[in-house]
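One file, my_file.txt, is given below (compact mmCIF, C-alpha atoms).
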# COMPACT_ATOMS: atom_id res chain seq x y z
CA ILE A 1 -17.32 17.98 23.19
CA THR A 2 -13.66 18.97 23.34
CA GLY A 3 -13.21 19.02 19.55
CA GLU A 4 -10.19 16.69 19.53
CA ASP A 5 -11.74 14.60 16.75
CA GLU A 6 -11.95 17.64 14.48
CA ILE A 7 -8.30 18.55 15.17
CA GLN A 8 -7.15 15.00 14.40
CA GLN A 9 -9.14 15.00 11.16
CA LYS A 10 -7.55 18.31 10.09
CA ILE A 11 -4.08 16.96 10.86
CA ALA A 12 -4.81 13.84 8.82
CA LEU A 13 -5.93 15.95 5.84
CA LYS A 14 -2.72 18.01 5.65
CA PRO A 15 -0.66 17.24 2.57
CA LYS A 16 2.48 15.25 3.28
CA PHE A 17 5.71 15.11 1.32
CA CYS A 18 5.83 11.77 -0.45
CA LEU A 19 8.86 10.97 -2.58
CA TRP A 20 6.89 8.64 -4.82
CA THR A 21 4.29 11.25 -5.85
CA PHE A 22 6.19 14.54 -5.50
CA PRO A 23 6.44 16.02 -9.03
CA VAL A 24 9.95 17.08 -10.03
CA LEU A 25 9.65 17.62 -13.78
CA VAL A 26 6.38 18.93 -15.15
CA ASP A 27 7.07 20.17 -18.69
CA GLY A 28 9.77 17.75 -19.76
CA PRO A 29 10.07 15.15 -22.50
CA PHE A 30 8.80 12.47 -20.10
CA GLY A 31 5.66 14.33 -19.00
CA VAL A 32 5.01 14.71 -15.27
CA VAL A 33 7.81 12.88 -13.46
CA SER A 34 7.87 12.24 -9.72
CA ALA A 35 11.04 12.24 -7.64
CA ALA A 36 11.23 8.44 -7.46
CA GLU A 37 10.70 8.13 -11.22
CA PHE A 38 13.41 10.73 -11.81
CA ILE A 39 15.82 8.77 -9.60
CA GLY A 40 14.99 5.60 -11.54
CA ILE A 41 15.58 7.34 -14.88
CA LEU A 42 18.94 8.65 -13.67
CA LEU A 43 19.98 5.21 -12.41
CA VAL A 44 19.20 3.49 -15.71
CA ILE A 45 20.99 6.19 -17.71
CA ALA A 46 23.96 6.04 -15.33
CA PHE A 47 24.10 2.25 -15.76
CA ILE A 48 24.17 2.54 -19.54
CA ILE A 49 26.83 5.27 -19.53
CA ASN A 50 28.95 3.42 -16.97
CA GLY A 51 28.65 0.10 -18.80
CA SER A 52 29.48 1.67 -22.15
CA ALA A 53 32.47 3.57 -20.76
CA ALA A 54 33.83 0.51 -18.95
CA TYR A 55 33.56 -1.65 -22.07
CA ILE A 56 35.16 1.02 -24.27
CA ILE A 57 38.07 1.52 -21.84
CA GLN A 58 38.56 -2.24 -21.54
CA ASN A 59 38.53 -2.62 -25.34
CA TRP A 60 40.96 0.28 -25.75
CA HIS A 61 43.49 -1.23 -23.35
CA THR A 62 43.21 -4.66 -24.99
CA ILE A 63 43.49 -3.37 -28.56
CA SER A 64 46.22 -0.80 -27.90
CA GLN A 65 48.55 -3.55 -26.68
CA SER A 66 48.18 -5.60 -29.86
CA GLN A 67 50.76 -5.34 -32.64
CA VAL A 68 48.50 -4.55 -35.63
CA SER A 69 48.09 -1.58 -37.94
CA ALA A 70 46.04 1.49 -36.98
CA PHE A 71 43.30 0.56 -39.46
CA GLU A 72 42.96 -2.93 -37.97
CA LYS A 73 42.89 -1.44 -34.47
CA SER A 74 40.02 0.88 -35.42
CA CYS A 75 38.13 -2.01 -37.03
CA LEU A 76 38.59 -4.14 -33.91
CA MET A 77 37.51 -1.26 -31.69
CA LEU A 78 34.31 -0.74 -33.70
CA GLU A 79 33.56 -4.46 -33.73
CA ARG A 80 34.09 -4.98 -30.00
CA THR A 81 32.29 -1.79 -29.00
CA GLY A 82 29.32 -2.75 -31.17
CA ALA A 83 29.19 -6.20 -29.56
CA LYS A 84 29.28 -4.75 -26.04
CA LEU A 85 26.59 -2.18 -26.88
CA GLY A 86 24.50 -5.11 -28.13
CA LEU A 87 24.86 -6.74 -24.70
CA ILE A 88 23.76 -3.52 -22.99
CA GLY A 89 20.81 -3.36 -25.39
CA LEU A 90 19.83 -6.91 -24.46
CA PHE A 91 19.82 -5.92 -20.79
CA CYS A 92 17.50 -3.01 -21.65
CA LEU A 93 15.34 -5.44 -23.63
CA VAL A 94 14.99 -7.66 -20.56
CA LEU A 95 13.97 -4.64 -18.47
CA LEU A 96 11.45 -3.70 -21.15
CA PHE A 97 9.09 -6.55 -20.26
CA LEU A 98 9.12 -6.09 -16.47
CA PRO A 99 6.71 -3.15 -16.21
CA ILE A 100 4.21 -4.29 -18.85
CA SER A 101 3.08 -7.59 -17.31
CA ARG A 102 -0.24 -7.05 -15.53
CA GLY A 103 0.24 -9.57 -12.74
CA SER A 104 3.83 -8.62 -11.99
CA LEU A 105 4.94 -9.13 -8.40
CA LEU A 106 7.46 -6.33 -8.84
CA LEU A 107 4.71 -3.82 -9.59
CA ARG A 108 2.70 -5.00 -6.60
CA LEU A 109 5.68 -4.84 -4.25
CA ILE A 110 6.52 -1.24 -5.09
CA ASP A 111 2.85 -0.27 -5.57
CA ILE A 112 2.96 1.00 -9.15
CA PRO A 113 -0.35 1.19 -11.03
CA PHE A 114 -0.48 -0.45 -14.45
CA GLU A 115 -1.03 2.91 -16.18
CA HIS A 116 2.31 4.19 -14.87
CA ALA A 117 3.97 0.91 -15.78
CA THR A 118 2.97 1.31 -19.43
CA ARG A 119 4.65 4.72 -19.40
CA TYR A 120 7.86 3.13 -18.07
CA HIS A 121 7.57 0.50 -20.80
CA VAL A 122 7.45 3.23 -23.46
CA TRP A 123 10.46 5.02 -21.93
CA LEU A 124 12.48 1.82 -21.81
CA GLY A 125 11.45 1.05 -25.39
CA HIS A 126 12.81 4.37 -26.61
CA LEU A 127 16.03 3.85 -24.65
CA THR A 128 16.41 0.32 -26.01
CA MET A 129 15.93 1.52 -29.56
CA ALA A 130 18.53 4.26 -29.03
CA VAL A 131 21.07 1.75 -27.67
CA PHE A 132 20.45 -0.69 -30.53
CA THR A 133 20.75 2.16 -33.05
CA ILE A 134 24.16 3.07 -31.63
CA HIS A 135 25.02 -0.65 -31.60
CA GLY A 136 24.24 -0.85 -35.34
As a first step, turn the structure in this file into structure tokens.
Amino acid sequence: ITGEDEIQQKIALKPKFCLWTFPVLVDGPFGVVSAAEFIGILLVIAFIINGSAAYIIQNWHTISQSQVSAFEKSCLMLERTGAKLGLIGLFCLVLLFLPISRGSLLLRLIDIPFEHATRYHVWLGHLTMAVFTIHG
């Protein structure tokens, strides 16, 4: 009689801001990307850049202190940097299989549908191939 049920139904139907589904990028190389997906992409890219930079700086300090010719230093730098990029690529390869398993507890815990998980698998595959190409 008072109409409170109708008011509560209208309040429940109002769109709410949800970080998981809020689209951030619409016409990008990744398709439609939500805010949470964008944060995840940035974190993985930041990890790879940080890991690569840390390994390169560590190699540079180690090699610059050695008493060898400049040619041998450059060869050592290429060899060590390639090995460390291979390790980063292996980490990406491990992450590659997490989203594609259908019965994954990780996907159930963070409530990701399998269709979205296959998209993440493709993204990680491209990233892994890029890292292994640089490694080569």
12 Å contact set for A:Leu95, all atoms listed in the file, chain neighbours under 4 positions out, as JSON, numbers by chain: {"A": [44, 88, 89, 90, 91, 99, 100, 101, 106, 117, 120, 121, 122, 123, 124, 125, 127, 128]}
Between atom CA of A:Ser66 and atom CA of A:Ile49, distance in Å (one decimal): 26.1 Å
Stretch 130-135 of chain A surroundings by all atoms listed in the file, 6 Å radius, close-in-sequence under 5 positions cut, as an NGL selection string: :A and (82 or 85-86 or 89)
Atomic separation - atom CA of A:Ala54 relative to atom CA of A:Val94, Å: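 Straight-line distance from atom CA of A:Val94 to atom CA of A:Ala54 works out to 20.6 Å.
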Given only C-alpha atoms as the counted atoms, nearest of A:Asn59, A:Ser64, A:Ser104, A:Asn50 to A:Thr81: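 Of A:Asn59, A:Ser64, A:Ser104, A:Asn50, the one nearest A:Thr81, counting only C-alpha atoms, is A:Asn59.
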Between atom CA of A:Cys75 and atom CA of A:Ala53, distance in Å (one decimal):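 Between atom CA of A:Cys75 and atom CA of A:Ala53 the gap works out to 18.1 Å.
Closest approach to A:Ile45 among A:Phe114, A:Gln65, A:Leu98, A:Cys92 is made by A:Cys92 (distances from all atoms listed in the file).
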Exercise: A:Ser74 partners within 9 Å, only C-alpha atoms, chain neighbours under 5 positions left out, as a PyMOL selection string: chain A and resi 63+69+79
